[in-house]
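Peer 1: Provided below: target16.cif, containing mmCIF, C-alpha atoms.
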```cif
data_work
#
loop_
_atom_site.label_atom_id
_atom_site.label_comp_id
_atom_site.auth_asym_id
_atom_site.auth_seq_id
_atom_site.Cartn_x
_atom_site.Cartn_y
_atom_site.Cartn_z
CA ALA A 1 -88.40 20.28 257.25
CA GLN A 2 -86.72 21.51 260.39
CA SER A 3 -87.67 20.23 263.81
CA VAL A 4 -86.43 20.97 267.32
CA SER A 5 -86.70 18.71 270.31
CA GLN A 6 -86.27 19.81 273.91
CA HIS A 7 -85.82 16.88 276.23
CA ASN A 8 -87.23 18.26 279.45
CA HIS A 9 -90.65 19.83 279.76
CA HIS A 10 -90.30 20.88 283.37
CA VAL A 11 -87.16 21.15 285.46
CA ILE A 12 -87.12 21.98 289.15
CA LEU A 13 -83.86 23.01 290.80
CA SER A 14 -82.71 24.58 294.02
CA GLU A 15 -80.74 27.81 293.94
CA ALA A 16 -77.02 27.34 293.21
CA ALA A 17 -77.64 24.05 291.40
CA SER A 18 -76.22 23.61 287.92
CA LEU A 19 -78.49 23.63 284.91
CA GLU A 20 -78.34 21.85 281.60
CA LEU A 21 -81.26 21.91 279.17
CA GLY A 22 -81.07 19.65 276.17
CA CYS A 23 -81.92 20.67 272.62
CA ASN A 24 -81.60 18.61 269.45
CA TYR A 25 -82.53 19.74 265.99
CA SER A 26 -83.17 18.04 262.71
CA TYR A 27 -82.01 19.77 259.56
CA GLY A 28 -79.56 18.81 256.86
CA GLY A 29 -78.06 22.17 256.04
CA THR A 30 -76.41 25.10 257.76
CA VAL A 31 -78.37 26.34 260.74
CA ASN A 32 -78.46 29.25 263.10
CA LEU A 33 -79.27 28.28 266.67
CA PHE A 34 -80.86 30.27 269.46
CA TRP A 35 -82.01 30.04 273.02
CA TYR A 36 -84.79 32.36 274.10
CA VAL A 37 -86.19 32.94 277.57
CA GLN A 38 -89.69 34.00 278.50
CA TYR A 39 -90.03 35.27 282.06
CA PRO A 40 -93.52 35.24 283.58
CA GLY A 41 -95.55 38.02 282.02
CA GLN A 42 -92.74 39.14 279.75
CA HIS A 43 -91.98 38.70 276.08
CA LEU A 44 -89.43 36.41 274.50
CA GLN A 45 -85.86 37.56 274.95
CA LEU A 46 -82.75 36.25 273.29
CA LEU A 47 -80.35 34.51 275.68
CA LEU A 48 -77.70 33.54 273.18
CA LYS A 49 -77.14 32.64 269.55
CA TYR A 50 -74.84 30.59 267.40
CA PHE A 51 -74.16 31.41 263.78
CA SER A 52 -70.65 30.11 263.18
CA GLY A 53 -67.18 29.90 264.72
CA ASP A 54 -66.51 28.89 268.31
CA PRO A 55 -69.12 26.24 269.19
CA LEU A 56 -69.19 27.40 272.80
CA VAL A 57 -71.21 30.58 272.99
CA LYS A 58 -71.83 32.77 275.97
CA GLY A 59 -74.99 34.72 276.49
CA ILE A 60 -76.54 37.01 278.99
CA LYS A 61 -76.98 36.33 282.70
CA GLY A 62 -74.24 33.71 282.85
CA PHE A 63 -75.80 31.29 280.37
CA GLU A 64 -73.77 29.42 277.78
CA ALA A 65 -74.49 26.82 275.14
CA GLU A 66 -72.42 24.36 273.19
CA PHE A 67 -73.07 23.46 269.58
CA ILE A 68 -72.11 19.88 268.80
CA LYS A 69 -72.61 19.44 265.08
CA SER A 70 -72.13 15.67 265.08
CA LYS A 71 -74.93 15.29 267.61
CA PHE A 72 -77.18 18.01 266.17
CA SER A 73 -77.32 19.42 269.67
CA PHE A 74 -77.25 22.85 271.24
CA ASN A 75 -77.54 22.40 274.98
CA LEU A 76 -77.96 25.30 277.37
CA ARG A 77 -75.98 25.45 280.59
CA LYS A 78 -75.59 27.60 283.66
CA PRO A 79 -73.24 26.68 286.52
CA SER A 80 -75.37 28.13 289.30
CA VAL A 81 -79.02 29.07 288.90
CA GLN A 82 -80.84 31.78 290.80
CA TRP A 83 -84.48 32.12 291.76
CA SER A 84 -84.75 34.86 289.11
CA ASP A 85 -83.96 32.29 286.39
CA THR A 86 -87.44 30.83 286.84
CA ALA A 87 -88.87 31.08 283.34
CA GLU A 88 -89.66 29.15 280.19
CA TYR A 89 -86.75 28.43 277.86
CA PHE A 90 -87.06 27.84 274.15
CA CYS A 91 -84.52 26.45 271.74
CA ALA A 92 -84.94 27.62 268.14
CA VAL A 93 -83.34 27.05 264.77
CA ASN A 94 -83.47 28.75 261.44
CA ALA A 95 -81.74 27.85 258.24
CA GLY A 96 -79.13 29.71 256.27
CA THR A 97 -79.21 33.45 256.11
CA ASN A 98 -82.97 33.77 256.43
CA ALA A 99 -83.77 34.68 260.00
CA GLY A 100 -87.43 35.16 259.25
CA LYS A 101 -88.64 31.63 259.77
CA SER A 102 -87.62 29.98 262.99
CA THR A 103 -88.65 26.60 264.30
CA PHE A 104 -89.04 26.41 268.06
CA GLY A 105 -88.90 23.56 270.50
CA ASP A 106 -91.81 22.99 272.86
CA GLY A 107 -90.07 24.84 275.66
CA THR A 108 -88.77 23.86 279.08
CA THR A 109 -90.25 25.39 282.19
CA LEU A 110 -87.57 25.97 284.79
CA THR A 111 -88.59 26.46 288.40
CA VAL A 112 -85.85 27.48 290.81
CA LYS A 113 -86.66 27.06 294.48
CA PRO A 114 -85.13 29.63 296.82
CA LYS B 1 -84.17 52.12 269.77
CA ALA B 2 -87.73 51.29 270.63
CA GLY B 3 -88.56 47.61 270.58
CA VAL B 4 -91.17 45.75 268.59
CA THR B 5 -94.63 46.97 269.46
CA GLN B 6 -97.90 45.14 268.99
CA THR B 7 -101.44 46.40 269.26
CA PRO B 8 -103.79 45.66 270.76
CA ARG B 9 -102.32 43.71 273.67
CA TYR B 10 -105.56 41.92 274.47
CA LEU B 11 -108.56 41.12 272.33
CA ILE B 12 -111.77 39.21 272.90
CA LYS B 13 -113.81 38.09 269.91
CA THR B 14 -116.58 35.62 269.22
CA ARG B 15 -116.59 32.74 266.80
CA GLY B 16 -117.13 33.75 263.20
CA GLN B 17 -115.78 37.26 263.62
CA GLN B 18 -112.58 38.49 262.07
CA VAL B 19 -109.66 40.24 263.71
CA THR B 20 -106.71 42.38 262.66
CA LEU B 21 -103.53 42.58 264.69
CA SER B 22 -100.81 45.15 264.17
CA CYS B 23 -97.06 45.06 264.56
CA SER B 24 -94.49 47.85 264.34
CA PRO B 25 -90.95 46.52 263.93
CA ILE B 26 -87.77 48.02 265.27
CA SER B 27 -86.75 50.99 263.18
CA GLY B 28 -84.68 49.85 260.21
CA HIS B 29 -85.84 46.24 260.36
CA ARG B 30 -87.31 45.05 257.09
CA SER B 31 -88.40 41.55 258.00
CA VAL B 32 -91.49 40.91 260.10
CA SER B 33 -92.58 37.43 261.14
CA TRP B 34 -95.67 36.24 262.94
CA TYR B 35 -95.97 33.30 265.31
CA GLN B 36 -98.83 31.70 267.17
CA GLN B 37 -98.14 30.52 270.72
CA THR B 38 -100.49 28.09 272.45
CA PRO B 39 -99.99 25.76 275.43
CA GLY B 40 -100.68 22.72 273.29
CA GLN B 41 -98.79 23.53 270.09
CA GLY B 42 -96.06 25.83 271.37
CA LEU B 43 -94.68 28.45 269.02
CA GLN B 44 -95.78 27.93 265.44
CA PHE B 45 -94.57 30.02 262.51
CA LEU B 46 -97.34 31.75 260.57
CA PHE B 47 -95.61 33.84 257.90
CA GLU B 48 -92.85 36.31 257.21
CA TYR B 49 -92.93 39.51 255.24
CA PHE B 50 -89.97 41.29 253.74
CA SER B 51 -90.21 44.45 251.68
CA GLU B 52 -94.00 44.15 251.48
CA THR B 53 -93.80 40.59 250.08
CA GLN B 54 -94.58 37.35 251.82
CA ARG B 55 -91.29 35.50 251.88
CA ASN B 56 -92.15 32.44 253.98
CA LYS B 57 -95.38 30.79 254.99
CA GLY B 58 -96.20 28.24 257.66
CA ASN B 59 -98.84 25.54 257.69
CA PHE B 60 -101.90 27.52 258.63
CA PRO B 61 -105.23 27.70 256.79
CA GLY B 62 -106.03 30.52 254.41
CA ARG B 63 -108.09 32.22 257.12
CA PHE B 64 -104.77 33.56 258.36
CA SER B 65 -103.34 36.29 256.20
CA GLY B 66 -101.02 39.21 256.52
CA ARG B 67 -99.51 42.15 254.82
CA GLN B 68 -96.66 44.57 255.19
CA PHE B 69 -96.63 48.25 254.44
CA SER B 70 -93.90 50.37 252.92
CA ASN B 71 -92.79 51.50 256.39
CA SER B 72 -92.33 47.81 257.35
CA ARG B 73 -95.30 47.81 259.73
CA SER B 74 -97.28 44.63 259.41
CA GLU B 75 -100.79 43.44 260.05
CA MET B 76 -102.18 39.96 260.31
CA ASN B 77 -105.80 39.10 259.82
CA VAL B 78 -107.76 36.09 260.92
CA SER B 79 -111.16 35.64 259.36
CA THR B 80 -114.01 33.44 260.56
CA LEU B 81 -112.52 32.96 263.99
CA GLU B 82 -112.64 29.54 265.63
CA LEU B 83 -112.26 28.67 269.31
CA GLY B 84 -108.91 27.09 268.53
CA ASP B 85 -107.54 30.43 267.33
CA SER B 86 -107.30 31.58 270.94
CA ALA B 87 -103.59 32.16 271.42
CA LEU B 88 -100.81 34.63 271.96
CA TYR B 89 -99.79 36.05 268.60
CA LEU B 90 -96.18 37.15 268.51
CA CYS B 91 -94.53 39.43 266.03
CA ALA B 92 -90.79 39.42 265.49
CA SER B 93 -88.61 41.72 263.44
CA SER B 94 -85.18 41.22 261.96
CA PRO B 95 -82.78 43.48 260.12
CA SER B 96 -82.46 40.80 257.40
CA ARG B 97 -79.31 42.26 256.00
CA ALA B 98 -77.57 41.03 252.88
CA SER B 99 -76.97 37.35 252.33
CA GLY B 100 -74.04 36.03 254.34
CA VAL B 101 -74.71 38.24 257.32
CA TYR B 102 -76.71 36.42 259.90
CA ASN B 103 -79.61 37.94 261.73
CA GLU B 104 -81.63 37.33 264.83
CA GLN B 105 -85.25 38.03 265.57
CA PHE B 106 -86.52 40.47 268.15
CA PHE B 107 -89.92 39.70 269.59
CA GLY B 108 -92.77 41.93 270.65
CA PRO B 109 -94.94 41.39 273.74
CA GLY B 110 -97.69 39.71 271.75
CA THR B 111 -101.42 40.11 271.35
CA ARG B 112 -103.51 37.79 273.51
CA LEU B 113 -106.55 36.78 271.46
CA THR B 114 -109.45 35.04 273.17
CA VAL B 115 -112.22 33.61 271.00
CA LEU B 116 -115.50 32.91 272.79
#
```
Represent the supplied structure as structure tokens.
Peer 2:
Amino acid sequence: AQSVSQHNHHVILSEAASLELGCNYSYGGTVNLFWYVQYPGQHLQLLLKYFSGDPLVKGIKGFEAEFIKSKFSFNLRKPSVQWSDTAEYFCAVNAGTNAGKSTFGDGTTLTVKP
Amino acid sequence: KAGVTQTPRYLIKTRGQQVTLSCSPISGHRSVSWYQQTPGQGLQFLFEYFSETQRNKGNFPGRFSGRQFSNSRSEMNVSTLELGDSALYLCASSPSRASGVYNEQFFGPGTRLTVL
């Protein structure tokens, strides 16, 4: 069975600080990896995804993530956060070519102070 | 393209009742998945439908069921509601193209179900 672990439940940063959110997954086969963001009152939106190829993927709004296969990790980074990045962030994994069943981490709430 | 739509957006029911939630996927998407989101359990996978067939199922009791129609629209039903069923129910659609081509899920706004 797949599982996803997000290390931080709540992160508080000041504007312009750098962000790194940890995500580790447990699965023995090929995986697809995702980071989603849920802004207050809005639905889940895809930030970035990794299927194959370059392990460093860039997403929207200046976010990027690095897939490290040997560590089963897919950490999310942003060099300089803004107040508008305040949201809940979810790491997710699904296996193989079937996108229909994703396993999500518990989420990390990011609060950015102006 | 229009996004994933879910109706109703909010629902209040009492224990023992049943409820039906509806999801319209993005045009052309054949896979529809349902998730339950609660503060305590996070996002939990319920089931996935593809071409009117249930393709994957999560670890939820049989009170939770679903179906998909020929136009890919999907409904989920919860019978004999319990207080613990209060949650945000999310629907996600995916193109689910041929094997070897990877797909992502697009989420709807959810239906907020409150069980009293």
Peer 1: Would you mind reading off the distance between CA of Ile26 (chain B) and CA of Ser74 (chain B), one decimal, in Å?
Peer 2: 11.7 Å
Peer 1: Assuming the chain letters and numbering stay as they are in my file, what does the PyMOL selection byres ((chain B and resi 6) around 6) actually select? List them as a list in words.
Peer 2: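 Taken over the shown coordinates, the PyMOL selection byres ((chain B and resi 6) around 6) returns Thr5, Thr7, Ser22 and Cys23 of chain B.
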Peer 1: Please expand the PyMOL selection byres ((chain A) within 9 of (chain B)) into the concrete residues it hits in this file, giving the result as number ranges by chain.
Peer 2: A: 32, 34, 41-46, 49, 51, 96-107
Peer 1: Do you know which residues are at most 8 Å from Val19 (chain B) counting all atoms listed in the file, after dropping those on the same chain fewer than 3 positions away, and could you put them as a list in words?
Peer 2: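 Once the adjacent positions are removed, what remains is Lys13, Asn77, Val78, Ser79 and Leu81 of chain B.
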Peer 1: The PyMOL selection byres ((chain B and resi 112) around 7) - which residues does that actually catch in the file I just gave you? List them as a PyMOL selection string.
Peer 2: chain B and resi 9-11+87-89+110-111+113-114
Peer 1: Output the selection as a JSON list (two decimals), keeping the file's coordinate frame - C-alpha atoms for each residue.
Peer 2:
```
[["chain", "number", "residue", "atom", "x", "y", "z"],
["B", 9, "ARG", "CA", -102.32, 43.71, 273.67],
["B", 10, "TYR", "CA", -105.56, 41.92, 274.47],
["B", 11, "LEU", "CA", -108.56, 41.12, 272.33],
["B", 87, "ALA", "CA", -103.59, 32.16, 271.42],
["B", 88, "LEU", "CA", -100.81, 34.63, 271.96],
["B", 89, "TYR", "CA", -99.79, 36.05, 268.60],
["B", 110, "GLY", "CA", -97.69, 39.71, 271.75],
["B", 111, "THR", "CA", -101.42, 40.11, 271.35],
["B", 113, "LEU", "CA", -106.55, 36.78, 271.46],
["B", 114, "THR", "CA", -109.45, 35.04, 273.17]]
```
Peer 1: With all atoms listed in the file as the basis for distance, which of A:Asn24, A:Ser73, A:Thr86, A:Asn94 is at the shortest distance from Val11 (chain A)?
Peer 2: A:Thr86
Peer 1: In Å, how far is it from CA of Trp35 (chain A) to CA of Leu47 (chain A)?
Peer 2: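 According to the coordinates, CA of Trp35 (chain A) and CA of Leu47 (chain A) are separated by 5.5 Å.
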Peer 1: Kindly give the distance, in Å, that separates CA of Ser80 (chain A) and CA of Tyr39 (chain A), rounded to a single decimal.
Peer 2: 17.8 Å
Peer 1: Compare A:Val57, A:Val4, A:Ala65, A:Ile12 by their minimum atom-to-atom distance to Val93 (chain A), counting all atoms listed in the file, and give me the closest one.
Peer 2: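 Going through A:Val57, A:Val4, A:Ala65, A:Ile12 one by one, the smallest distance to Val93 (chain A) is for A:Val4.
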Peer 1: Which one of B:Thr20, B:Thr38, B:Gln54, B:Ser27 sits closest to Met76 (chain B) if you count all atoms listed in the file?
Peer 2: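 So, comparing all the options, the nearest one is B:Thr20.
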Peer 1: Restricting the calculation to all atoms listed in the file, which member of A:Ser26, A:Val112, A:Ser14, A:Gln2 is positioned closest to Ser70 (chain A)?
Peer 2: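 Answer, going by the shortest atom-to-atom distance: A:Ser26.
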Peer 1: Hey, which of A:Thr111, A:Ala87, A:Lys71, A:Gln82 ends up closest to Glu15 (chain A)? Count all atoms listed in the file.
Peer 2: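 Ranked by minimum distance to Glu15 (chain A), first place goes to A:Gln82.
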Peer 1: Excluding His9 (chain A) and its own-chain neighbours fewer than 2 positions away, which residues fall within 10 Å of it when counting only C-alpha atoms? Please give them as a VMD selection string.
Peer 2: chain A and resid 6 to 7 11 21 88 to 89 106 to 110
Peer 1: Please identify all polymer residues within 10 Å of Gly28 (chain A), counting all atoms listed in the file, omitting same-chain residues fewer than 5 positions from it, and present them as a ChimeraX atom specification.
Peer 2: /A:1-2,72,95
Peer 1: Between A:Val81, A:Cys91, A:Ala16, A:Leu56, which has the minimum distance to Tyr36 (chain A) (counting all atoms listed in the file)?
Peer 2: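 With all atoms listed in the file as the atom set, the closest residue is A:Cys91.
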Peer 1: With the input short on atoms, add all heavy atoms back to region 69-80 of chain B and write it as a CSV table (one decimal), in the coordinates of the input.
Peer 2:
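Output saved as part28.csv:
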```csv
chain,number,residue,atom,x,y,z
B,69,PHE,N,-96.6,46.9,255.1
B,69,PHE,CA,-96.6,48.2,254.4
B,69,PHE,C,-95.2,48.8,254.1
B,69,PHE,O,-94.2,48.2,254.5
B,69,PHE,CB,-97.4,49.2,255.4
B,69,PHE,CG,-98.8,48.8,255.7
B,69,PHE,CD1,-99.0,48.0,256.9
B,69,PHE,CD2,-99.8,49.0,254.9
B,69,PHE,CE1,-100.3,47.6,257.2
B,69,PHE,CE2,-101.1,48.6,255.2
B,69,PHE,CZ,-101.3,47.9,256.3
B,70,SER,N,-95.2,49.9,253.4
B,70,SER,CA,-93.9,50.4,252.9
B,70,SER,C,-93.0,50.8,254.1
B,70,SER,O,-91.8,50.9,253.9
B,70,SER,CB,-94.1,51.5,251.9
B,70,SER,OG,-94.9,52.6,252.5
B,71,ASN,N,-93.6,51.1,255.2
B,71,ASN,CA,-92.8,51.5,256.4
B,71,ASN,C,-92.4,50.3,257.3
B,71,ASN,O,-92.0,50.5,258.4
B,71,ASN,CB,-93.5,52.5,257.2
B,71,ASN,CG,-94.9,52.0,257.8
B,71,ASN,OD1,-95.2,50.9,257.5
B,71,ASN,ND2,-95.5,52.8,258.6
B,72,SER,N,-92.6,49.1,256.7
B,72,SER,CA,-92.3,47.8,257.4
B,72,SER,C,-93.3,47.4,258.4
B,72,SER,O,-93.3,46.3,258.9
B,72,SER,CB,-90.9,47.8,257.9
B,72,SER,OG,-90.0,47.8,256.9
B,73,ARG,N,-94.2,48.2,258.8
B,73,ARG,CA,-95.3,47.8,259.7
B,73,ARG,C,-96.1,46.7,259.1
B,73,ARG,O,-96.2,46.6,257.9
B,73,ARG,CB,-96.2,49.0,260.1
B,73,ARG,CG,-97.2,48.7,261.2
B,73,ARG,CD,-98.0,50.0,261.5
B,73,ARG,NE,-99.0,50.3,260.5
B,73,ARG,CZ,-100.2,49.7,260.3
B,73,ARG,NH1,-100.6,48.8,261.2
B,73,ARG,NH2,-101.0,50.1,259.4
B,74,SER,N,-96.6,45.8,259.9
B,74,SER,CA,-97.3,44.6,259.4
B,74,SER,C,-98.6,44.4,260.1
B,74,SER,O,-98.7,44.8,261.3
B,74,SER,CB,-96.4,43.4,259.5
B,74,SER,OG,-97.1,42.2,259.1
B,75,GLU,N,-99.5,43.8,259.5
B,75,GLU,CA,-100.8,43.4,260.0
B,75,GLU,C,-101.0,42.0,259.7
B,75,GLU,O,-100.6,41.5,258.7
B,75,GLU,CB,-102.0,44.3,259.5
B,75,GLU,CG,-102.0,45.7,260.0
B,75,GLU,CD,-103.2,46.5,259.4
B,75,GLU,OE1,-103.8,46.0,258.5
B,75,GLU,OE2,-103.4,47.6,259.9
B,76,MET,N,-101.7,41.3,260.6
B,76,MET,CA,-102.2,40.0,260.3
B,76,MET,C,-103.7,39.9,260.6
B,76,MET,O,-104.2,40.6,261.5
B,76,MET,CB,-101.5,38.8,261.1
B,76,MET,CG,-101.7,38.7,262.5
B,76,MET,SD,-101.2,37.1,263.2
B,76,MET,CE,-102.7,36.1,262.7
B,77,ASN,N,-104.4,39.2,259.8
B,77,ASN,CA,-105.8,39.1,259.8
B,77,ASN,C,-106.2,37.6,260.0
B,77,ASN,O,-105.6,36.8,259.3
B,77,ASN,CB,-106.4,39.7,258.5
B,77,ASN,CG,-107.9,39.8,258.6
B,77,ASN,OD1,-108.6,38.8,258.2
B,77,ASN,ND2,-108.5,40.9,259.0
B,78,VAL,N,-107.2,37.4,260.8
B,78,VAL,CA,-107.8,36.1,260.9
B,78,VAL,C,-109.3,36.2,260.7
B,78,VAL,O,-109.9,37.0,261.4
B,78,VAL,CB,-107.5,35.4,262.3
B,78,VAL,CG1,-108.0,34.0,262.3
B,78,VAL,CG2,-106.1,35.5,262.7
B,79,SER,N,-109.7,35.6,259.7
B,79,SER,CA,-111.2,35.6,259.4
B,79,SER,C,-111.9,34.4,259.9
B,79,SER,O,-111.3,33.4,260.2
B,79,SER,CB,-111.4,35.7,257.9
B,79,SER,OG,-110.9,34.5,257.2
B,80,THR,N,-113.2,34.5,260.1
B,80,THR,CA,-114.0,33.4,260.6
B,80,THR,C,-113.4,32.7,261.8
B,80,THR,O,-113.0,31.6,261.7
B,80,THR,CB,-114.3,32.4,259.4
B,80,THR,OG1,-114.5,33.1,258.2
B,80,THR,CG2,-115.5,31.6,259.8
```
